[in-house]
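Shown here: my_file-v2.cif, mmCIF, C-alpha atoms.
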data_model
loop_
_atom_site.group_PDB
_atom_site.id
_atom_site.type_symbol
_atom_site.label_atom_id
_atom_site.label_comp_id
_atom_site.auth_asym_id
_atom_site.auth_seq_id
_atom_site.Cartn_x
_atom_site.Cartn_y
_atom_site.Cartn_z
ATOM 1 C CA MET A 1 149.851 62.184 97.425
ATOM 2 C CA LYS A 2 150.930 65.715 98.074
ATOM 3 C CA ALA A 3 149.388 69.022 97.148
ATOM 4 C CA ALA A 4 150.576 72.552 97.814
ATOM 5 C CA VAL A 5 148.316 75.586 97.989
ATOM 6 C CA VAL A 6 149.874 78.996 97.466
ATOM 7 C CA VAL A 7 148.837 81.770 99.855
ATOM 8 C CA PHE A 8 149.141 85.398 98.776
ATOM 9 C CA PRO A 9 148.232 88.455 100.789
ATOM 10 C CA GLY A 10 144.552 88.739 99.903
ATOM 11 C CA SER A 11 143.918 85.078 99.054
ATOM 12 C CA ASN A 12 140.580 84.027 100.514
ATOM 13 C CA CYS A 13 139.882 80.584 99.044
ATOM 14 C CA ASP A 14 143.192 79.028 100.044
ATOM 15 C CA ARG A 15 141.763 77.038 102.947
ATOM 16 C CA ASP A 16 138.714 75.935 100.962
ATOM 17 C CA LEU A 17 141.013 74.635 98.237
ATOM 18 C CA ALA A 18 143.193 72.888 100.822
ATOM 19 C CA VAL A 19 140.152 71.168 102.362
ATOM 20 C CA ALA A 20 138.962 70.012 98.923
ATOM 21 C CA PHE A 21 142.398 68.491 98.253
ATOM 22 C CA GLU A 22 142.456 66.895 101.717
ATOM 23 C CA GLN A 23 139.029 65.345 101.246
ATOM 24 C CA ALA A 24 140.295 63.773 98.038
ATOM 25 C CA GLY A 25 143.189 62.236 99.980
ATOM 26 C CA PHE A 26 146.054 64.684 99.490
ATOM 27 C CA ASP A 27 148.455 65.843 102.172
ATOM 28 C CA VAL A 28 148.376 69.599 101.761
ATOM 29 C CA SER A 29 151.091 72.145 102.504
ATOM 30 C CA MET A 30 150.360 75.843 102.450
ATOM 31 C CA VAL A 31 153.071 77.820 100.699
ATOM 32 C CA TRP A 32 153.639 81.530 101.345
ATOM 33 C CA HIS A 33 154.066 83.878 98.400
ATOM 34 C CA LYS A 34 157.555 84.880 99.523
ATOM 35 C CA ASP A 35 158.790 81.294 99.447
ATOM 36 C CA SER A 36 160.842 80.634 96.380
ATOM 37 C CA VAL A 37 160.527 76.861 96.225
ATOM 38 C CA LEU A 38 157.613 74.437 96.340
ATOM 39 C CA PRO A 39 157.763 71.571 98.857
ATOM 40 C CA GLU A 40 159.670 68.490 97.703
ATOM 41 C CA GLY A 41 157.697 65.841 95.897
ATOM 42 C CA ILE A 42 154.393 67.621 95.445
ATOM 43 C CA ASP A 43 152.027 66.219 92.840
ATOM 44 C CA ILE A 44 149.917 69.310 92.298
ATOM 45 C CA VAL A 45 150.014 72.971 93.160
ATOM 46 C CA GLY A 46 146.794 74.924 93.644
ATOM 47 C CA VAL A 47 146.615 78.671 93.074
ATOM 48 C CA PRO A 48 143.573 79.827 95.011
ATOM 49 C CA GLY A 49 140.923 82.476 94.573
ATOM 50 C CA GLY A 50 140.836 85.795 96.329
ATOM 51 C CA PHE A 51 142.220 89.240 95.722
ATOM 52 C CA SER A 52 145.969 88.771 95.747
ATOM 53 C CA TYR A 53 147.725 92.074 96.423
ATOM 54 C CA GLY A 54 144.346 93.803 96.422
ATOM 55 C CA ASP A 55 144.014 93.325 92.647
ATOM 56 C CA TYR A 56 146.390 96.292 92.283
ATOM 57 C CA LEU A 57 147.447 97.145 88.735
ATOM 58 C CA ARG A 58 145.517 94.173 87.244
ATOM 59 C CA CYS A 59 144.032 91.084 88.868
ATOM 60 C CA GLY A 60 146.877 88.643 89.404
ATOM 61 C CA ALA A 61 149.565 90.880 87.896
ATOM 62 C CA ILE A 62 151.604 91.402 91.053
ATOM 63 C CA ALA A 63 151.136 87.835 92.271
ATOM 64 C CA ALA A 64 152.418 86.554 88.935
ATOM 65 C CA GLN A 65 155.755 88.237 89.686
ATOM 66 C CA SER A 66 156.086 86.834 93.220
ATOM 67 C CA PRO A 67 158.917 84.431 94.096
ATOM 68 C CA ILE A 68 156.564 81.468 94.546
ATOM 69 C CA CYS A 69 155.015 82.038 91.135
ATOM 70 C CA ARG A 70 158.382 81.594 89.505
ATOM 71 C CA ALA A 71 158.494 78.197 91.210
ATOM 72 C CA VAL A 72 154.935 77.438 90.061
ATOM 73 C CA VAL A 73 155.869 78.281 86.461
ATOM 74 C CA GLU A 74 158.949 76.033 86.682
ATOM 75 C CA HIS A 75 156.787 73.254 88.124
ATOM 76 C CA ALA A 76 154.328 73.606 85.231
ATOM 77 C CA ASP A 77 157.159 73.824 82.690
ATOM 78 C CA ARG A 78 158.511 70.537 84.036
ATOM 79 C CA GLY A 79 155.120 68.941 83.356
ATOM 80 C CA GLY A 80 153.773 69.175 86.917
ATOM 81 C CA TYR A 81 150.059 69.426 87.629
ATOM 82 C CA ALA A 82 148.622 72.800 88.628
ATOM 83 C CA MET A 83 145.215 74.336 88.932
ATOM 84 C CA GLY A 84 144.233 77.957 89.347
ATOM 85 C CA VAL A 85 140.753 78.898 90.468
ATOM 86 C CA CYS A 86 139.299 82.385 90.038
ATOM 87 C CA ASN A 87 142.121 84.751 91.024
ATOM 88 C CA GLY A 88 144.374 81.705 90.582
ATOM 89 C CA PHE A 89 143.241 81.492 86.942
ATOM 90 C CA GLN A 90 143.958 85.202 86.513
ATOM 91 C CA ILE A 91 147.420 84.678 88.009
ATOM 92 C CA LEU A 92 148.189 81.729 85.719
ATOM 93 C CA THR A 93 147.245 83.787 82.643
ATOM 94 C CA GLU A 94 149.426 86.648 83.895
ATOM 95 C CA THR A 95 152.383 84.265 84.239
ATOM 96 C CA GLY A 96 151.799 83.005 80.712
ATOM 97 C CA VAL A 97 151.295 79.404 81.880
ATOM 98 C CA LEU A 98 147.785 79.657 80.417
ATOM 99 C CA PRO A 99 146.852 81.790 77.391
ATOM 100 C CA GLY A 100 144.447 84.712 77.244
ATOM 101 C CA ALA A 101 143.369 87.143 79.948
ATOM 102 C CA LEU A 102 140.438 87.883 82.228
ATOM 103 C CA LEU A 103 138.710 91.214 81.669
ATOM 104 C CA ARG A 104 136.145 93.107 83.719
ATOM 105 C CA ASN A 105 132.735 91.388 83.574
ATOM 106 C CA ALA A 106 130.776 92.693 80.589
ATOM 107 C CA GLY A 107 127.955 93.788 82.914
ATOM 108 C CA LEU A 108 130.503 95.554 85.174
ATOM 109 C CA LYS A 109 129.036 93.946 88.289
ATOM 110 C CA TYR A 110 130.661 91.579 90.716
ATOM 111 C CA ILE A 111 128.727 88.321 90.409
ATOM 112 C CA CYS A 112 128.421 85.824 93.250
ATOM 113 C CA ARG A 113 126.066 82.919 92.581
ATOM 114 C CA THR A 114 125.988 79.308 91.513
ATOM 115 C CA VAL A 115 125.942 78.846 87.746
ATOM 116 C CA ASP A 116 125.546 75.869 85.443
ATOM 117 C CA LEU A 117 128.703 74.774 83.683
ATOM 118 C CA GLN A 118 128.972 72.370 80.823
ATOM 119 C CA VAL A 119 131.873 69.952 80.846
ATOM 120 C CA ALA A 120 133.482 70.609 77.467
ATOM 121 C CA THR A 121 136.022 67.801 77.529
ATOM 122 C CA GLU A 122 136.627 64.761 79.701
ATOM 123 C CA GLN A 123 140.140 64.404 78.319
ATOM 124 C CA SER A 124 142.095 65.733 81.292
ATOM 125 C CA VAL A 125 142.997 64.646 84.788
ATOM 126 C CA PHE A 126 140.690 67.358 86.103
ATOM 127 C CA THR A 127 137.600 66.596 84.040
ATOM 128 C CA GLN A 128 137.719 62.843 83.484
ATOM 129 C CA GLY A 129 135.420 62.317 86.448
ATOM 130 C CA TYR A 130 132.642 63.846 84.374
ATOM 131 C CA ALA A 131 131.196 62.964 81.006
ATOM 132 C CA LYS A 132 131.488 65.494 78.207
ATOM 133 C CA GLY A 133 128.259 67.475 78.153
ATOM 134 C CA ASP A 134 127.518 66.995 81.866
ATOM 135 C CA VAL A 135 125.962 70.065 83.442
ATOM 136 C CA ILE A 136 127.256 70.870 86.922
ATOM 137 C CA GLY A 137 126.361 73.631 89.365
ATOM 138 C CA ILE A 138 129.470 75.491 90.541
ATOM 139 C CA PRO A 139 129.647 78.869 92.321
ATOM 140 C CA ILE A 140 131.246 81.880 90.714
ATOM 141 C CA ALA A 141 132.387 84.949 92.639
ATOM 142 C CA HIS A 142 134.239 87.425 90.485
ATOM 143 C CA HIS A 143 134.365 90.908 89.029
ATOM 144 C CA ASP A 144 136.916 90.141 86.340
ATOM 145 C CA GLY A 145 135.977 86.793 84.857
ATOM 146 C CA ASN A 146 135.385 87.794 81.266
ATOM 147 C CA TYR A 147 137.745 85.463 79.423
ATOM 148 C CA PHE A 148 139.429 86.965 76.387
ATOM 149 C CA ALA A 149 141.810 85.460 73.878
ATOM 150 C CA ASP A 150 142.686 86.481 70.360
ATOM 151 C CA ALA A 151 141.338 84.544 67.385
ATOM 152 C CA SER A 152 144.402 82.383 66.861
ATOM 153 C CA THR A 153 144.564 81.428 70.541
ATOM 154 C CA LEU A 154 140.874 80.544 70.519
ATOM 155 C CA ALA A 155 141.323 78.440 67.426
ATOM 156 C CA ALA A 156 144.175 76.577 69.115
ATOM 157 C CA LEU A 157 142.122 76.009 72.273
ATOM 158 C CA LYS A 158 139.328 74.527 70.201
ATOM 159 C CA ASP A 159 141.491 72.484 67.839
ATOM 160 C CA GLN A 160 143.370 70.982 70.754
ATOM 161 C CA ASP A 161 140.227 70.328 72.817
ATOM 162 C CA ARG A 162 141.568 72.552 75.615
ATOM 163 C CA ILE A 163 138.324 74.196 76.714
ATOM 164 C CA ALA A 164 137.524 72.428 79.981
ATOM 165 C CA PHE A 165 134.252 74.074 80.991
ATOM 166 C CA THR A 166 131.793 76.483 79.402
ATOM 167 C CA TYR A 167 128.965 78.493 80.945
ATOM 168 C CA ALA A 168 125.474 77.249 80.120
ATOM 169 C CA ASP A 169 124.264 80.845 80.439
ATOM 170 C CA ASN A 170 127.228 83.192 80.015
ATOM 171 C CA PRO A 171 127.250 85.496 83.065
ATOM 172 C CA ASN A 172 130.268 87.674 82.322
ATOM 173 C CA GLY A 173 130.804 88.063 78.588
ATOM 174 C CA SER A 174 133.528 85.433 78.252
ATOM 175 C CA VAL A 175 134.381 84.695 74.647
ATOM 176 C CA ASP A 176 132.727 81.466 73.473
ATOM 177 C CA ASP A 177 131.243 81.051 76.991
ATOM 178 C CA ILE A 178 134.621 79.832 78.235
ATOM 179 C CA ALA A 179 134.756 79.181 81.984
ATOM 180 C CA GLY A 180 137.941 77.136 82.180
ATOM 181 C CA ILE A 181 140.827 76.044 79.975
ATOM 182 C CA LEU A 182 143.698 73.574 79.935
ATOM 183 C CA SER A 183 147.368 74.050 79.127
ATOM 184 C CA GLU A 184 148.767 72.487 75.989
ATOM 185 C CA ASN A 185 150.007 69.443 77.932
ATOM 186 C CA ARG A 186 146.579 69.277 79.660
ATOM 187 C CA ARG A 187 148.216 69.287 83.096
ATOM 188 C CA VAL A 188 147.308 72.825 84.094
ATOM 189 C CA LEU A 189 143.693 73.888 84.584
ATOM 190 C CA GLY A 190 142.501 77.451 85.026
ATOM 191 C CA MET A 191 138.858 78.194 85.747
ATOM 192 C CA MET A 192 136.855 81.104 87.119
ATOM 193 C CA PRO A 193 134.156 79.018 88.894
ATOM 194 C CA HIS A 194 135.020 77.504 92.262
ATOM 195 C CA PRO A 195 134.872 73.684 92.359
ATOM 196 C CA GLU A 196 136.278 73.810 95.907
ATOM 197 C CA ARG A 197 133.141 75.661 96.983
ATOM 198 C CA ALA A 198 131.038 72.796 95.658
ATOM 199 C CA ALA A 199 132.910 70.000 97.381
ATOM 200 C CA ASP A 200 130.906 69.549 100.574
ATOM 201 C CA GLU A 201 127.276 68.526 101.013
ATOM 202 C CA GLY A 202 126.822 71.123 103.724
ATOM 203 C CA LEU A 203 128.249 73.963 101.664
ATOM 204 C CA GLY A 204 126.704 74.423 98.260
ATOM 205 C CA GLY A 205 126.645 70.897 96.860
ATOM 206 C CA THR A 206 129.220 68.424 95.653
ATOM 207 C CA ASP A 207 129.329 68.914 91.890
ATOM 208 C CA GLY A 208 132.955 70.054 92.189
ATOM 209 C CA THR A 209 134.330 67.027 94.033
ATOM 210 C CA ALA A 210 134.879 65.051 90.819
ATOM 211 C CA VAL A 211 137.678 67.461 89.872
ATOM 212 C CA PHE A 212 139.656 66.600 93.002
ATOM 213 C CA ARG A 213 138.757 62.909 93.058
ATOM 214 C CA ALA A 214 139.743 62.360 89.438
ATOM 215 C CA LEU A 215 143.043 64.100 90.042
ATOM 216 C CA ALA A 216 143.659 61.996 93.156
ATOM 217 C CA GLY A 217 142.886 58.843 91.194
ATOM 218 C CA ILE A 218 145.467 59.664 88.534
ATOM 219 C CA VAL A 219 148.129 60.704 91.014
ATOM 220 C CA ALA A 220 147.568 57.597 93.169
ATOM 221 C CA ALA A 221 147.814 55.348 90.116
ATOM 222 C CA ALA A 222 151.015 57.004 88.876
ATOM 223 C CA MET B 1 164.068 111.775 85.238
ATOM 224 C CA LYS B 2 160.424 110.934 84.820
ATOM 225 C CA ALA B 3 158.364 108.808 82.525
ATOM 226 C CA ARG B 4 154.654 108.646 81.953
ATOM 227 C CA VAL B 5 153.170 105.368 80.767
ATOM 228 C CA HIS B 6 149.709 105.220 79.212
ATOM 229 C CA VAL B 7 148.078 101.791 79.280
ATOM 230 C CA MET B 8 144.945 101.245 77.206
ATOM 231 C CA LEU B 9 142.893 98.199 76.298
ATOM 232 C CA LYS B 10 143.716 97.256 72.725
ATOM 233 C CA ASN B 11 141.321 98.158 69.970
ATOM 234 C CA GLY B 12 138.870 95.323 69.601
ATOM 235 C CA VAL B 13 138.951 94.445 73.294
ATOM 236 C CA LEU B 14 135.634 95.344 74.874
ATOM 237 C CA ASP B 15 135.955 98.113 77.460
ATOM 238 C CA PRO B 16 132.774 97.875 79.541
ATOM 239 C CA GLN B 17 133.907 100.663 81.875
ATOM 240 C CA GLY B 18 134.429 103.019 78.958
ATOM 241 C CA GLU B 19 130.995 102.022 77.660
ATOM 242 C CA ALA B 20 129.431 102.793 81.046
ATOM 243 C CA VAL B 21 131.088 106.222 81.061
ATOM 244 C CA ARG B 22 129.789 106.849 77.538
ATOM 245 C CA HIS B 23 126.257 105.972 78.671
ATOM 246 C CA ALA B 24 126.559 108.233 81.703
ATOM 247 C CA LEU B 25 127.760 111.127 79.562
ATOM 248 C CA GLY B 26 124.818 110.558 77.250
ATOM 249 C CA ALA B 27 122.434 110.541 80.193
ATOM 250 C CA LEU B 28 123.853 113.920 81.256
ATOM 251 C CA GLY B 29 123.025 115.340 77.868
ATOM 252 C CA PHE B 30 126.497 115.256 76.315
ATOM 253 C CA ASP B 31 125.365 114.116 72.924
ATOM 254 C CA LYS B 32 128.623 114.656 71.054
ATOM 255 C CA VAL B 33 130.394 111.582 72.447
ATOM 256 C CA GLU B 34 130.610 108.609 70.138
ATOM 257 C CA GLY B 35 132.886 106.407 72.185
ATOM 258 C CA VAL B 36 134.875 106.280 75.416
ATOM 259 C CA ARG B 37 137.913 104.152 76.175
ATOM 260 C CA GLN B 38 139.258 104.175 79.701
ATOM 261 C CA GLY B 39 142.881 103.454 80.540
ATOM 262 C CA LYS B 40 145.565 104.027 83.113
ATOM 263 C CA VAL B 41 148.326 106.568 83.516
ATOM 264 C CA ILE B 42 151.367 105.468 85.461
ATOM 265 C CA ASP B 43 154.001 108.061 86.406
ATOM 266 C CA LEU B 44 157.476 106.781 87.145
ATOM 267 C CA ASP B 45 160.227 108.686 88.955
ATOM 268 C CA LEU B 46 163.424 107.288 87.522
ATOM 269 C CA THR B 47 167.055 107.506 88.457
ATOM 270 C CA ALA B 48 169.387 109.459 86.178
ATOM 271 C CA GLY B 49 170.402 107.463 83.163
ATOM 272 C CA ALA B 50 167.206 105.441 82.899
ATOM 273 C CA THR B 51 166.228 104.988 79.284
ATOM 274 C CA GLU B 52 163.058 104.428 77.353
ATOM 275 C CA ALA B 53 164.284 100.878 76.773
ATOM 276 C CA ASP B 54 164.202 100.340 80.542
ATOM 277 C CA VAL B 55 160.618 101.556 80.719
ATOM 278 C CA THR B 56 159.655 99.409 77.739
ATOM 279 C CA GLU B 57 160.947 96.382 79.603
ATOM 280 C CA MET B 58 158.881 97.392 82.659
ATOM 281 C CA CYS B 59 155.787 97.654 80.471
ATOM 282 C CA GLU B 60 156.365 94.293 78.861
ATOM 283 C CA LYS B 61 157.022 92.536 82.166
ATOM 284 C CA LEU B 62 154.508 94.139 84.488
ATOM 285 C CA LEU B 63 152.862 97.471 83.722
ATOM 286 C CA ALA B 64 150.817 96.239 80.762
ATOM 287 C CA ASN B 65 149.367 92.863 79.892
ATOM 288 C CA THR B 66 150.103 92.831 76.195
ATOM 289 C CA VAL B 67 147.489 90.147 75.584
ATOM 290 C CA ILE B 68 144.804 92.778 76.135
ATOM 291 C CA GLU B 69 146.574 96.114 76.567
ATOM 292 C CA SER B 70 148.742 98.451 74.541
ATOM 293 C CA TYR B 71 151.024 101.053 76.075
ATOM 294 C CA SER B 72 152.842 104.211 75.152
ATOM 295 C CA ILE B 73 155.727 105.882 76.937
ATOM 296 C CA GLU B 74 156.547 109.572 77.345
ATOM 297 C CA MET B 75 160.030 110.284 78.684
ATOM 298 C CA LYS B 76 160.239 113.667 80.413
#
Final structure tokens representation of the file:
Amino acid sequence: MKAAVVVFPGSNCDRDLAVAFEQAGFDVSMVWHKDSVLPEGIDIVGVPGGFSYGDYLRCGAIAAQSPICRAVVEHADRGGYAMGVCNGFQILTETGVLPGALLRNAGLKYICRTVDLQVATEQSVFTQGYAKGDVIGIPIAHHDGNYFADASTLAALKDQDRIAFTYADNPNGSVDDIAGILSENRRVLGMMPHPERAADEGLGGTDGTAVFRALAGIVAAA
Amino acid sequence: MKARVHVMLKNGVLDPQGEAVRHALGALGFDKVEGVRQGKVIDLDLTAGATEADVTEMCEKLLANTVIESYSIEMK
């Protein structure tokens, strides 16, 4: 099982994400933003949190145009698995792999704390380790996590059961309390909260490990 | 050749920064402000022969996120 984690200038959760993948049994390669191809035979690519390119212009906007992101988009278009966390979610919306956009938090403040998420669907490789309705404690750390999508996009997300996680107590103004969404083929997850920061008993709990374990289970069985 | 691009959040998209500025203006006693929207101005120095169509393409690809933002272009 192979995972790749993309590293941009300004990424700061890349190693955390790599460790979470490793603990689930993946061999992890770190991929630099200037690379134009992903390693051969990878099962999943992770786009980590942080402040890629200093959040210049818009969060994730410059990263979305980097050579490696073109490879990530091609990987996703071919039906490959990908997950973007926090800035990674912002980047995946900027590339168009996931719909919608992340706006400035409604309260304008950067928020860094553990929040309760509700698992909104168990129908994905990322969420099948939970039961729908489970409440899990996962850290958030963002200034621009206010998910926005137009009415037709929201309707599609709901009709197709593509909302992965919602906030139990909406911290940032996200429409319909959305914390994470799935692509149409359910193989790409984007979420603002950090499951990789809740994947070690010594560091903020283990409510996030099920994301990585479930993914590893599917990949190993394939 | 120069172009100025204005990027604004679309109508209907909440602009919490604009709201904060509106509150601050109110707190300073400026009571004639009903709303504030905050955006970006991007000035481009262009080579001779660049057209508005070129700048439009730049806006669509990078300068604006058309999911949430609208843009306008002034060629100078």
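Take the candidates A:Ile138, A:Ala106, A:Ile91, A:Val188 and check each one against Asp55 of chain A using only C-alpha atoms; the shortest distance goes to A:Ile91.
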### Task
Determine the nearest neighbour of Cys59 of chain B from the options A:Val19, A:Leu57, A:Ala156, A:Val47, counting all atoms listed in the file.
A:Leu57
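Checking B:Met1, B:Ala53, B:Ala64, B:Met75 one by one against chain A, counting only C-alpha atoms, you find the shortest gap at B:Ala64.
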### Task
Run through the PyMOL selection byres ((chain A and resi 209-215) around 6) on the given coordinates and return the selected residues as number ranges by chain.
A: 24, 125-127, 129, 199, 206-208, 216-218
Pull the closest atom pair for each residue of chain B that gets at most 9 Å from chain A, along with the distance in Å to one decimal, counting all atoms listed in the file, ordering rows by chain and then ascending residue number, as CSV.
residue,atom,partner,partner_atom,distance
B:Val13,CA,A:Phe148,CA,8.1
B:Leu14,CA,A:Ala106,CA,8.0
B:Asp15,CA,A:Arg104,CA,8.0
B:Pro16,CA,A:Ala106,CA,5.7
B:Gln17,CA,A:Leu108,CA,7.0
B:Ala20,CA,A:Leu108,CA,8.4
B:Lys61,CA,A:Gln65,CA,8.8
B:Leu62,CA,A:Ala61,CA,6.8
B:Leu63,CA,A:Leu57,CA,7.4
B:Ala64,CA,A:Arg58,CA,8.6
B:Asn65,CA,A:Glu94,CA,7.4
B:Val67,CA,A:Gly100,CA,6.4
B:Ile68,CA,A:Ala101,CA,7.0
### Query
Please, what distance in Å, to one decimal, runs between atom CA of Glu184 of chain A and atom CA of Tyr167 of chain A?
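Computing it gives 21.3 Å between the two atoms.
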Mind giving me the axis-aligned box for segment 44-62 of chain A with 8 Å on every side, centre plus edges in Å to one decimal, as lines of an AutoDock Vina configuration file?
center_x = 146.2
center_y = 83.2
center_z = 91.8
size_x = 26.8
size_y = 43.8
size_z = 25.2
### Task
For the structure provided, state which residues fall under the PyMOL selection byres ((chain A and resi 181) around 8), and present them as a list in words.
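When the PyMOL selection byres ((chain A and resi 181) around 8) is applied to the shown file, the picked residues are Leu98, Leu157, Arg162, Ile163, Ala164, Phe165, Ile178, Ala179, Gly180, Leu182, Ser183, Leu189, Gly190 and Met191 of chain A.
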Next, write the just-selected residues to a file, as a compact mmCIF listing (two decimals), in the frame of the given file, keeping C-alpha atoms as the atom set.
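Result file is again_18.txt:
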# COMPACT_ATOMS: atom_id res chain seq x y z
CA LEU A 98 147.78 79.66 80.42
CA LEU A 157 142.12 76.01 72.27
CA ARG A 162 141.57 72.55 75.61
CA ILE A 163 138.32 74.20 76.71
CA ALA A 164 137.52 72.43 79.98
CA PHE A 165 134.25 74.07 80.99
CA ILE A 178 134.62 79.83 78.24
CA ALA A 179 134.76 79.18 81.98
CA GLY A 180 137.94 77.14 82.18
CA LEU A 182 143.70 73.57 79.94
CA SER A 183 147.37 74.05 79.13
CA LEU A 189 143.69 73.89 84.58
CA GLY A 190 142.50 77.45 85.03
CA MET A 191 138.86 78.19 85.75
### Message
Running the PyMOL selection byres ((chain A and resi 80) around 9) on this model by hand, what would come out? Give it as an NGL selection string.
### Response
:A and (42-45 or 72 or 74-79 or 81-82 or 187-188)
### Message
For a quick check of understanding, using only C-alpha atoms, which of A:His33, A:Lys2, A:Lys109, A:His194 has the smallest distance to Ala71 of chain A?
### Response
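Result for the nearest residue to Ala71 of chain A: A:His33.
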### Residue nearest Ala24 of chain B among B:Leu44, B:Val36, B:Glu60, B:Val7 (counting only C-alpha atoms)
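So, comparing all the options, the nearest one is B:Val36.
Atom to atom, atom CA of Val5 of chain B and atom CA of Arg37 of chain B stand 16.0 Å apart.
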### Query
So how far away is atom CA of Val219 of chain A from atom CA of Asp134 of chain A, in Å?
23.4 Å
### Task
Select, counting all atoms listed in the file, all protein, DNA and RNA residues no farther than 7 Å from (139.9, 74.2, 96.3) in file coordinates, and express the selection as a PyMOL selection string.
chain A and resi 13-14+16-21+48+195-197
### Query
Between B:Tyr71, B:Ala27, B:Glu57, B:Lys10, which has the minimum distance to Ile42 of chain B (counting all atoms listed in the file)?
B:Tyr71
### Message
Applying 8 Å and all atoms listed in the file, which residues near His6 of chain B remain after dropping the ones on its own chain fewer than 6 positions away? List them as a list in words.
### Response
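The contact residues come out as Gly39, Lys40, Val41, Ile42, Tyr71, Ser72 and Ile73 of chain B.
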Just the selected residues (C-alpha atoms), exported as a PDB file, in the frame of the given file, please.
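Writing the result to out_38.pdb gives the following:
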ATOM      1  CA  GLY B  39     142.881 103.454  80.540  1.00  0.00           C
ATOM      2  CA  LYS B  40     145.565 104.027  83.113  1.00  0.00           C
ATOM      3  CA  VAL B  41     148.326 106.568  83.516  1.00  0.00           C
ATOM      4  CA  ILE B  42     151.367 105.468  85.461  1.00  0.00           C
ATOM      5  CA  TYR B  71     151.024 101.053  76.075  1.00  0.00           C
ATOM      6  CA  SER B  72     152.842 104.211  75.152  1.00  0.00           C
ATOM      7  CA  ILE B  73     155.727 105.882  76.937  1.00  0.00           C
TER       8      ILE B  73
END
